[in-house]
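Enquirer: Pasting start-v6.txt below, which is compact mmCIF, C-alpha atoms.
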# COMPACT_ATOMS: atom_id res chain seq x y z
CA MET F 1 114.35 187.64 -221.93
CA PRO F 2 114.18 190.82 -219.81
CA VAL F 3 111.58 193.40 -220.85
CA ALA F 4 114.20 195.94 -221.96
CA ASP F 5 115.77 193.39 -224.32
CA CYS F 6 112.37 192.45 -225.73
CA ILE F 7 111.64 196.07 -226.49
CA ARG F 8 115.05 196.53 -228.10
CA THR F 9 114.58 193.46 -230.30
CA ALA F 10 111.07 194.45 -231.32
CA TRP F 11 112.25 197.98 -232.04
CA TRP F 12 114.94 196.79 -234.44
CA ALA F 13 112.37 194.64 -236.18
CA ILE F 14 110.18 197.69 -236.68
CA LEU F 15 113.12 199.77 -237.92
CA SER F 16 114.10 197.17 -240.47
CA ILE F 17 110.52 196.93 -241.69
CA LYS F 18 110.38 200.67 -242.12
CA ASP F 19 113.64 200.68 -244.07
CA GLU F 20 112.38 197.97 -246.38
CA VAL F 21 109.56 200.23 -247.43
CA GLY F 22 112.02 203.07 -247.73
CA VAL F 23 111.18 206.66 -246.94
CA GLY F 24 109.68 208.38 -249.95
CA VAL F 25 108.78 205.18 -251.75
CA SER F 26 105.05 204.92 -252.23
CA VAL F 27 103.65 201.98 -250.29
CA GLY F 28 101.35 201.12 -253.15
CA GLU F 29 104.31 200.32 -255.39
CA LYS F 30 105.49 197.53 -253.17
CA LYS F 31 103.82 194.23 -253.77
CA ASP F 32 104.25 192.50 -250.46
CA ILE F 33 103.33 194.78 -247.64
CA THR F 34 103.43 193.18 -244.25
CA LYS F 35 100.83 193.92 -241.64
CA VAL F 36 103.30 195.91 -239.55
CA GLN F 37 104.31 198.04 -242.52
CA GLU F 38 100.67 198.76 -243.15
CA LEU F 39 100.09 199.62 -239.52
CA VAL F 40 103.00 202.03 -239.03
CA TYR F 41 101.62 204.04 -241.95
CA GLU F 42 97.99 203.68 -240.94
CA MET F 43 98.10 204.22 -237.20
CA LYS F 44 98.50 207.67 -235.73
CA VAL F 45 100.59 208.81 -232.77
CA ASP F 46 97.48 209.47 -230.65
CA GLN F 47 96.39 205.84 -230.97
CA VAL F 48 99.39 204.55 -229.03
CA MET F 49 100.62 207.46 -226.91
CA ALA F 50 100.09 207.62 -223.15
CA ARG F 51 97.43 210.22 -222.33
CA ASP F 52 97.77 210.10 -218.61
CA ILE F 53 100.80 212.35 -218.30
CA ILE F 54 102.68 213.57 -215.29
CA THR F 55 103.74 217.20 -215.68
CA VAL F 56 105.33 219.92 -213.57
CA SER F 57 104.88 223.66 -213.63
CA PRO F 58 107.90 225.90 -214.41
CA ASP F 59 107.52 227.44 -210.94
CA ASP F 60 107.72 224.10 -209.09
CA LEU F 61 110.93 223.51 -207.21
CA MET F 62 113.47 220.94 -208.39
CA SER F 63 113.02 219.14 -205.06
CA LYS F 64 109.50 218.17 -206.16
CA LEU F 65 111.05 216.03 -208.90
CA ARG F 66 112.63 213.73 -206.32
CA GLU F 67 109.33 211.96 -205.52
CA LEU F 68 108.06 212.10 -209.09
CA LEU F 69 111.12 210.49 -210.64
CA ARG F 70 111.40 207.91 -207.88
CA ASP F 71 107.74 206.95 -207.46
CA LYS F 72 106.74 206.94 -211.11
CA HIS F 73 109.96 205.41 -212.47
CA ILE F 74 110.26 208.00 -215.19
CA SER F 75 113.34 209.72 -216.53
CA GLY F 76 111.88 212.99 -217.77
CA VAL F 77 108.88 215.22 -217.13
CA PRO F 78 107.21 217.74 -219.46
CA VAL F 79 107.00 221.27 -218.08
CA VAL F 80 103.59 222.76 -218.76
CA ARG F 81 101.90 226.13 -218.29
CA ASP F 82 98.18 226.49 -219.19
CA LYS F 83 98.24 223.12 -220.98
CA ARG F 84 101.04 224.38 -223.24
CA LEU F 85 104.34 222.55 -223.31
CA ILE F 86 107.19 224.92 -222.58
CA GLY F 87 110.02 222.46 -222.02
CA MET F 88 111.27 219.21 -220.50
CA VAL F 89 113.15 218.48 -217.33
CA SER F 90 115.12 215.24 -217.24
CA ILE F 91 116.75 213.01 -214.65
CA GLU F 92 120.12 214.41 -215.84
CA ASP F 93 118.96 217.95 -215.03
CA PHE F 94 117.91 216.67 -211.62
CA ILE F 95 121.23 214.95 -210.89
CA LYS F 96 123.22 218.02 -211.97
CA CYS F 97 121.08 220.17 -209.70
CA LEU F 98 121.51 217.72 -206.85
CA ALA F 99 125.29 217.76 -207.28
CA GLU F 100 125.30 221.55 -207.16
CA GLY F 101 123.07 221.49 -204.11
CA LYS F 102 120.49 223.80 -205.62
CA MET F 103 117.37 221.77 -205.06
CA ASP F 104 115.41 224.88 -204.08
CA SER F 105 115.77 226.47 -207.54
CA PRO F 106 112.64 226.50 -209.72
CA VAL F 107 112.27 224.05 -212.60
CA LYS F 108 112.28 226.90 -215.13
CA ASP F 109 115.95 227.64 -214.33
CA ARG F 110 117.10 224.06 -214.91
CA MET F 111 114.90 222.65 -217.66
CA SER F 112 115.63 222.59 -221.38
CA TYR F 113 113.41 224.79 -223.50
CA ASP F 114 114.36 223.43 -226.88
CA VAL F 115 112.17 220.34 -227.12
CA GLU F 116 111.45 218.12 -230.10
CA THR F 117 107.79 217.13 -230.32
CA LEU F 118 105.42 215.08 -232.43
CA TYR F 119 101.87 215.92 -233.47
CA ASP F 120 98.98 213.70 -232.37
CA ASN F 121 97.81 212.99 -235.93
CA GLU F 122 101.16 212.12 -237.45
CA PRO F 123 101.54 208.53 -238.67
CA LEU F 124 103.60 206.21 -236.48
CA VAL F 125 106.19 205.87 -239.19
CA ARG F 126 107.13 209.53 -238.55
CA ALA F 127 107.56 208.79 -234.86
CA VAL F 128 109.75 205.78 -235.65
CA GLU F 129 111.94 207.98 -237.87
CA GLU F 130 112.25 210.68 -235.21
CA PHE F 131 113.22 208.20 -232.47
CA ASN F 132 115.84 206.84 -234.78
CA ARG F 133 117.16 210.21 -235.96
CA LEU F 134 117.40 211.92 -232.57
CA GLY F 135 117.92 208.96 -230.28
CA TYR F 136 115.59 210.34 -227.58
CA GLY F 137 113.69 208.09 -225.20
CA ARG F 138 110.40 209.96 -225.44
CA PHE F 139 108.58 212.69 -227.32
CA PRO F 140 105.88 214.96 -225.94
CA VAL F 141 102.84 214.89 -228.23
CA ILE F 142 101.13 218.14 -229.21
CA SER F 143 97.58 218.44 -230.51
CA ARG F 144 97.60 219.70 -234.08
CA GLY F 145 94.24 221.31 -233.33
CA ASP F 146 94.89 223.53 -230.34
CA GLY F 147 98.62 223.21 -229.73
CA ASN F 148 98.18 221.80 -226.22
CA LEU F 149 100.20 218.94 -224.78
CA VAL F 150 98.03 215.83 -225.08
CA GLY F 151 100.36 212.91 -224.43
CA ILE F 152 103.80 211.41 -224.39
CA ILE F 153 105.15 208.61 -226.54
CA THR F 154 107.99 206.13 -226.05
CA LYS F 155 109.32 203.31 -228.20
CA GLY F 156 107.59 200.93 -225.82
CA ASP F 157 104.24 202.65 -226.48
CA ILE F 158 104.71 202.16 -230.22
CA ILE F 159 105.53 198.48 -229.85
CA ARG F 160 102.68 197.88 -227.42
CA GLY F 161 100.29 199.78 -229.69
CA LEU F 162 101.29 197.79 -232.76
CA LEU F 163 101.07 194.47 -230.93
CA LYS F 164 97.67 195.32 -229.50
CA LYS F 165 96.29 196.36 -232.89
CA MET F 166 97.70 193.25 -234.51
CA GLU F 167 96.17 191.11 -231.83
CA ILE F 168 92.76 192.74 -232.31
CA ASP F 169 92.95 192.46 -236.10
CA TYR F 170 94.15 188.89 -235.87
CA HIS F 171 91.38 188.01 -233.46
CA GLU F 172 88.75 189.56 -235.72
CA GLU F 173 90.19 187.78 -238.71
CA GLU F 174 90.08 184.50 -236.80
CA ILE F 175 86.41 184.97 -235.99
CA HIS F 176 85.68 185.89 -239.61
CA ARG F 177 87.45 182.86 -240.97
CA TYR F 178 85.86 180.61 -238.42
CA ARG F 179 82.37 181.78 -239.18
CA ALA F 180 82.71 181.96 -242.95
CA SER F 181 84.37 178.61 -243.27
CA HIS F 182 82.03 176.88 -240.87
CA PHE F 183 79.01 178.24 -242.60
CA PHE F 184 79.85 176.20 -245.64
CA GLU F 185 81.49 173.32 -243.80
CA ASP F 186 78.39 172.67 -241.74
CA ILE F 187 76.31 172.20 -244.84
CA ILE F 188 76.48 168.71 -246.29
CA ALA F 189 76.16 168.82 -250.04
CA ASP F 190 78.28 168.31 -253.14
CA LYS F 191 77.79 171.89 -254.14
CA THR F 192 76.47 174.71 -251.95
CA THR F 193 75.11 178.01 -253.18
CA LEU F 194 73.40 180.62 -251.06
CA ILE F 195 71.03 182.85 -252.96
CA PHE F 196 69.86 186.27 -251.80
CA GLN F 197 67.23 188.06 -253.87
CA TYR F 198 66.32 191.74 -253.75
CA LYS F 199 63.64 193.71 -255.58
CA VAL F 200 64.62 197.24 -256.55
CA VAL F 201 61.86 199.81 -257.08
CA GLY F 202 62.47 202.18 -259.97
CA LYS F 203 62.50 205.99 -259.48
CA ASP F 204 62.22 205.63 -255.70
CA PHE F 205 65.17 207.67 -254.54
CA ASN F 206 64.21 207.36 -250.88
CA ARG F 207 64.76 203.62 -250.89
CA ALA F 208 67.69 203.65 -253.28
CA GLY F 209 70.66 201.98 -251.64
CA GLU F 210 68.67 199.58 -249.47
CA THR F 211 69.60 196.54 -251.53
CA SER F 212 73.33 197.19 -251.47
CA SER F 213 73.21 198.06 -247.75
CA GLY F 214 71.21 194.91 -247.05
CA LEU F 215 73.55 192.69 -249.02
CA LYS F 216 76.55 194.27 -247.34
CA LYS F 217 75.15 193.56 -243.88
CA THR F 218 74.30 190.00 -244.86
CA LEU F 219 77.80 189.30 -246.16
CA ARG F 220 79.29 190.82 -243.03
CA ARG F 221 77.19 188.56 -240.84
CA MET F 222 78.46 185.62 -242.83
CA GLY F 223 81.96 186.70 -241.89
CA MET F 224 83.20 187.58 -245.39
CA SER F 225 86.44 189.56 -245.53
CA PRO F 226 85.94 193.35 -245.37
CA LYS F 227 87.80 193.93 -248.63
CA ILE F 228 85.55 191.53 -250.51
CA ILE F 229 82.47 193.09 -248.95
CA ARG F 230 83.61 196.56 -249.97
CA ARG F 231 84.01 195.54 -253.61
CA VAL F 232 80.67 193.76 -253.72
CA ALA F 233 78.97 196.72 -252.00
CA ILE F 234 80.31 199.30 -254.46
CA ALA F 235 79.39 197.21 -257.51
CA THR F 236 75.91 196.43 -256.18
CA TYR F 237 75.29 200.04 -255.23
CA GLU F 238 76.11 201.26 -258.73
CA ALA F 239 73.94 198.57 -260.34
CA GLU F 240 71.10 199.40 -257.95
CA MET F 241 71.34 203.10 -258.81
CA ASN F 242 71.16 202.28 -262.52
CA LEU F 243 67.92 200.41 -261.88
CA VAL F 244 66.51 203.30 -259.82
CA VAL F 245 67.55 206.05 -262.23
CA PHE F 246 66.90 204.46 -265.61
CA THR F 247 64.29 201.69 -265.19
CA ASP F 248 60.97 200.99 -263.51
CA GLY F 249 62.74 198.56 -261.25
CA GLY F 250 64.36 195.18 -261.43
CA GLU F 251 65.86 192.36 -259.50
CA ILE F 252 69.26 191.83 -257.95
CA THR F 253 70.35 188.31 -257.09
CA ALA F 254 73.49 187.44 -255.19
CA GLN F 255 74.79 183.88 -255.32
CA VAL F 256 77.42 183.00 -252.76
CA THR F 257 79.50 179.84 -253.12
CA PRO F 258 82.68 178.90 -251.26
CA SER F 259 84.70 180.24 -254.20
CA GLU F 260 82.88 183.35 -255.43
CA ILE F 261 80.08 185.86 -255.08
CA LYS F 262 78.07 186.27 -258.24
CA ILE F 263 75.70 189.20 -258.66
CA GLU F 264 73.02 189.21 -261.30
CA VAL F 265 71.08 192.40 -262.08
CA VAL F 266 68.09 192.12 -264.39
CA ASP F 267 65.63 194.76 -265.55
CA GLU F 268 63.05 195.27 -268.26
CA GLY F 269 63.99 198.89 -268.75
CA PRO F 270 64.92 200.89 -271.83
CA GLY F 271 68.14 199.00 -272.58
CA ILE F 272 71.57 200.38 -273.48
CA PRO F 273 72.06 201.26 -277.17
CA ASP F 274 75.88 201.28 -277.10
CA ILE F 275 77.45 199.24 -274.30
CA LYS F 276 81.00 200.19 -275.23
CA LYS F 277 80.16 203.86 -274.95
CA ALA F 278 78.21 203.33 -271.72
CA MET F 279 81.30 201.73 -270.17
CA GLU F 280 83.44 204.83 -270.85
CA PRO F 281 84.07 206.73 -267.60
CA GLY F 282 82.15 210.02 -267.65
CA PHE F 283 79.67 209.03 -270.37
CA SER F 284 76.14 209.53 -269.08
CA THR F 285 72.63 209.74 -270.47
CA ALA F 286 71.09 210.85 -267.18
CA PRO F 287 68.79 213.90 -267.36
CA ASP F 288 69.87 217.15 -265.70
CA TRP F 289 67.64 216.85 -262.63
CA ILE F 290 69.19 213.50 -261.80
CA ARG F 291 72.68 214.88 -262.24
CA GLU F 292 71.84 217.71 -259.88
CA LEU F 293 71.18 215.09 -257.21
CA GLY F 294 74.69 213.84 -257.76
CA PHE F 295 73.72 210.71 -259.70
CA GLY F 296 74.46 210.08 -263.33
CA ALA F 297 78.12 211.02 -263.23
CA GLY F 298 78.84 208.41 -265.87
CA MET F 299 81.05 206.44 -263.53
CA GLY F 300 78.68 203.66 -262.52
CA LEU F 301 79.59 200.96 -265.01
CA SER F 302 83.31 201.72 -264.81
CA ASN F 303 83.12 201.54 -260.99
CA ILE F 304 81.44 198.15 -261.32
CA HIS F 305 84.13 197.04 -263.74
CA LYS F 306 86.87 198.06 -261.32
CA CYS F 307 85.34 196.10 -258.44
CA ALA F 308 84.50 192.91 -260.33
CA ASP F 309 86.77 190.05 -261.31
CA VAL F 310 84.36 189.14 -264.08
CA MET F 311 81.80 191.45 -265.67
CA HIS F 312 79.31 190.61 -268.35
CA LEU F 313 76.76 193.08 -269.66
CA GLU F 314 74.12 192.43 -272.30
CA SER F 315 71.29 194.68 -273.32
CA THR F 316 68.56 195.01 -275.92
CA VAL F 317 66.97 198.40 -276.52
CA GLY F 318 63.30 198.29 -275.55
CA LYS F 319 63.63 194.93 -273.84
CA GLY F 320 65.98 195.28 -270.91
CA THR F 321 69.45 194.80 -269.52
CA ARG F 322 71.20 191.95 -267.77
CA LEU F 323 74.42 192.46 -265.84
CA GLU F 324 76.46 189.66 -264.34
CA ILE F 325 79.49 190.18 -262.19
CA ALA F 326 81.61 187.91 -260.06
CA VAL F 327 84.02 188.57 -257.22
CA HIS F 328 86.35 185.68 -256.51
CA LEU F 329 86.90 184.56 -252.95
CA ASN F 330 90.14 182.83 -253.83
CA ASP F 331 92.83 184.28 -251.57
CA LYS F 332 95.55 185.05 -254.06
CA GLU F 333 93.43 187.00 -256.48
CA ASN F 334 91.91 188.95 -253.63
CA ARG F 335 95.25 190.13 -252.47
CA ALA F 336 96.20 191.30 -255.93
CA SER F 337 93.03 193.33 -256.33
CA GLU F 338 93.12 194.66 -252.79
CA GLU F 339 96.25 196.56 -253.58
CA ASP F 340 94.53 198.40 -256.42
CA SER F 341 91.78 199.55 -254.13
CA MET A 1 91.09 213.12 -234.74
CA LEU A 2 87.73 212.59 -233.08
CA LEU A 3 84.73 213.99 -234.95
CA LYS A 4 83.65 215.69 -231.74
CA LYS A 5 86.82 217.71 -231.65
CA ILE A 6 86.43 218.80 -235.29
CA VAL A 7 82.86 219.92 -234.60
CA GLU A 8 84.05 221.97 -231.63
CA GLU A 9 87.07 223.50 -233.35
CA LEU A 10 85.22 224.54 -236.50
CA GLY A 11 81.96 225.51 -234.78
CA LEU A 12 79.77 223.14 -236.82
CA GLN A 13 76.14 222.28 -236.12
CA VAL A 14 75.31 218.66 -235.38
CA LYS A 15 71.98 217.45 -236.80
CA VAL A 16 72.33 213.75 -236.10
CA ALA A 17 75.14 212.33 -234.04
CA GLY A 18 74.40 209.33 -231.86
CA GLU A 19 77.59 207.58 -230.99
CA GLY A 20 79.12 208.87 -234.20
CA LEU A 21 80.70 211.87 -232.51
CA THR A 22 83.39 209.58 -231.16
CA ASN A 23 84.20 208.39 -234.69
CA GLN A 24 87.87 208.66 -235.52
CA VAL A 25 88.18 210.88 -238.61
CA THR A 26 91.01 209.72 -240.85
CA GLY A 27 90.66 212.37 -243.54
CA ALA A 28 88.04 213.95 -245.75
CA TYR A 29 86.64 213.71 -249.26
CA VAL A 30 84.94 216.54 -251.12
CA SER A 31 82.52 215.67 -253.91
CA ASP A 32 78.90 216.03 -254.93
CA LEU A 33 78.94 213.09 -257.32
CA LEU A 34 77.83 209.95 -255.55
CA SER A 35 79.67 207.57 -257.85
CA ASP A 36 82.84 209.51 -257.33
CA VAL A 37 82.46 209.18 -253.57
CA MET A 38 81.70 205.47 -253.96
CA ALA A 39 84.84 205.02 -256.02
CA ASN A 40 87.33 207.26 -254.27
CA SER A 41 86.45 207.96 -250.66
CA LYS A 42 88.06 205.85 -247.96
CA GLU A 43 86.75 204.30 -244.79
CA GLY A 44 86.78 206.73 -241.87
CA GLU A 45 86.79 209.87 -243.99
CA LEU A 46 84.43 212.79 -243.54
CA TRP A 47 82.38 213.60 -246.63
CA ILE A 48 81.85 217.25 -247.52
CA THR A 49 78.95 217.77 -249.91
CA LEU A 50 75.94 219.88 -250.81
CA GLN A 51 73.70 216.88 -251.55
CA VAL A 52 70.96 216.53 -248.93
CA HIS A 53 68.81 213.61 -250.17
CA PRO A 54 68.58 210.26 -248.34
CA ASN A 55 70.91 208.48 -250.71
CA ILE A 56 73.93 210.17 -249.16
CA ILE A 57 73.33 207.99 -246.09
CA ALA A 58 73.44 204.85 -248.23
CA VAL A 59 76.76 205.98 -249.71
CA ALA A 60 78.21 206.90 -246.31
CA THR A 61 77.07 203.59 -244.82
CA LEU A 62 78.43 201.49 -247.68
CA LYS A 63 81.79 203.25 -247.58
CA GLU A 64 81.87 203.38 -243.76
CA LEU A 65 82.54 207.11 -243.72
CA SER A 66 82.89 208.85 -240.36
CA GLY A 67 80.25 211.49 -241.13
CA ILE A 68 78.75 213.93 -243.63
CA ILE A 69 79.18 217.70 -243.55
CA LEU A 70 76.57 219.69 -245.50
CA VAL A 71 77.88 223.07 -246.64
CA ASN A 72 76.31 226.45 -247.46
CA SER A 73 73.67 226.09 -244.70
CA ARG A 74 71.96 223.34 -246.67
CA GLN A 75 69.55 221.35 -244.52
CA PRO A 76 69.08 217.58 -244.77
CA GLU A 77 65.68 216.25 -245.90
CA GLU A 78 63.47 214.62 -243.24
CA GLU A 79 64.03 211.18 -244.71
CA THR A 80 67.78 211.78 -244.73
CA LEU A 81 67.74 212.51 -240.99
CA LYS A 82 65.66 209.41 -240.32
CA LYS A 83 68.06 207.19 -242.26
CA ALA A 84 71.06 208.84 -240.64
CA GLU A 85 69.69 207.95 -237.22
CA GLU A 86 69.02 204.37 -238.28
CA GLU A 87 72.50 203.91 -239.67
CA GLN A 88 74.25 206.03 -237.02
CA ILE A 89 75.85 208.30 -239.60
CA PRO A 90 76.57 211.77 -238.16
CA ILE A 91 75.08 214.67 -240.16
CA ILE A 92 76.70 218.02 -239.58
CA THR A 93 75.91 221.36 -241.17
CA THR A 94 77.81 224.60 -241.62
CA GLU A 95 77.09 227.96 -243.17
CA LEU A 96 80.55 227.93 -244.74
CA PRO A 97 80.95 227.23 -248.45
CA THR A 98 82.88 224.11 -249.47
CA PHE A 99 86.21 225.85 -250.09
CA GLN A 100 86.33 227.61 -246.73
CA LEU A 101 85.21 224.54 -244.81
CA ALA A 102 87.65 222.22 -246.57
CA GLY A 103 90.47 224.71 -246.00
CA ARG A 104 89.80 224.99 -242.29
CA LEU A 105 89.41 221.24 -241.93
CA PHE A 106 92.68 220.71 -243.75
CA ASN A 107 94.47 223.09 -241.40
CA LEU A 108 93.00 221.19 -238.49
CA ILE A 109 93.66 217.59 -239.42
CA GLY A 110 96.39 218.00 -242.01
CA GLU A 111 97.17 215.69 -244.87
CA CYS A 112 95.94 212.34 -243.68
What would you get if you wrote out this structure as structure tokens?
Expert:
Amino acid sequence: MPVADCIRTAWWAILSIKDEVGVGVSVGEKKDITKVQELVYEMKVDQVMARDIITVSPDDLMSKLRELLRDKHISGVPVVRDKRLIGMVSIEDFIKCLAEGKMDSPVKDRMSYDVETLYDNEPLVRAVEEFNRLGYGRFPVISRGDGNLVGIITKGDIIRGLLKKMEIDYHEEEIHRYRASHFFEDIIADKTTLIFQYKVVGKDFNRAGETSSGLKKTLRRMGMSPKIIRRVAIATYEAEMNLVVFTDGGEITAQVTPSEIKIEVVDEGPGIPDIKKAMEPGFSTAPDWIRELGFGAGMGLSNIHKCADVMHLESTVGKGTRLEIAVHLNDKENRASEEDS
Amino acid sequence: MLLKKIVEELGLQVKVAGEGLTNQVTGAYVSDLLSDVMANSKEGELWITLQVHPNIIAVATLKELSGIILVNSRQPEEETLKKAEEEQIPIITTELPTFQLAGRLFNLIGEC
């Protein structure tokens, strides 16, 4: 298939994907979001646009366009003064000028001043809509920060950008899957469990967070999916902070099996008198000086609850607390909980 | 937008940067409660806060934030700077109060 046809086909695919989501409909409400749908909302114009732009000055003569249009195979050139876009001059303007035999007139007399633009930090979905609405072949891209011309974007750029990003993501995902699956496959046993143990020192705010950071890095090296890692990291961080703030220290154990990550947090601290109350978002028993540091917002346990598939908390006042959570690695459940996050 | 560009546009002071100045900033989150940031900030966002203790680096690392802006001329603790360098989390300071900084940042990067 010729390149132009490929681009046309891909473009219609993107348009139909965009329409499925529907403008104005929150993405979160849709259950099945394809990767492309996600990407056109996530990626910004400046991630796909061409930065290396050919421009002309308004005082250049139309005859200068002859070489530009021919050598660079382009059909329109932005007209720029002091990095600011002031208009566009197209191949049509050039042909008209040629027909009238006025090739020695300056660009500023022949260009169009009324130009539609896009901002560099707009999501791609906006660009897709604008291409569709106005039917233009290209949009100059303006920096939202300083108003200068920073690039130019075509439908081809969008398609190339999306394909490249998908390829990178797919490649990363492949590596992740390969490593994670092989890790367990290479071990010969009826049941495999990897155990990571961490000691948390109480009241040591300088080292607070080391356990959750360490576990996060470990899981990443194992090639776990980023969404899973994020949930485990948040839950472990909150549990770790509880140990630091309220106890003289404790132990955090992570057990990784092919089907789940189980985190066990045990301390011999003061215990929780009323677990139900402690679970309420905003309820906190932290002293003022701890709150001033930004801890003790009363959101810890509810954050843990949100991130975990299973949560079990038991506590005896004066004896200690034991928290068990599990995050399932089963694909289907992950996808369901990913959309909440 | 690149963090570097935001620093230039808003005239902020960089305390620790490393390679972080080329981080792509996807938005920002304003909060001084660590659990709130853990729960609600998103990867790639800049975090605007007045907390200066080392734990902010743990939070920023875990959430993969693009950097931390300390407001009201607040200076990071020694240990915070050390951890920031280790984890390559940019620390940036400004004399502006939270409201002014957030407002200017919003005008610059818009509703991400």
Enquirer: Tell me which protein, DNA and RNA residues are within 7 Å of region 76-84 of chain A, counting only C-alpha atoms, leaving out same-chain ones fewer than 4 positions away, and put them as a VMD selection string.
Expert: chain A and resid 16 52 to 54 57 88 to 90
Enquirer: Please tell me which residues are no farther than 10 Å from (115.2, 224.0, -218.9) in the file, counting all atoms listed in the file, and write them as an MDAnalysis selection string.
Expert: chainID F and resid 58 79 86:90 93 106:115
Enquirer: Please measure the separation of CA of Val141 (chain F) and CA of Glu8 (chain A), giving the value in Å to one decimal.
Expert: 20.4 Å
Enquirer: For chain F, which of A:Ser73, A:Gly20, A:Ile91, A:Leu34 is the closest residue, counting all atoms listed in the file?
Expert: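 Among the listed residues, the smallest separation from chain F belongs to A:Leu34.
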Enquirer: Can you list, as a count of residues only, every protein, DNA or RNA residue that comes within 7 Å of Leu33 (chain A) when you count all atoms listed in the file, leaving out same-chain residues fewer than 4 positions away?
Expert: 4
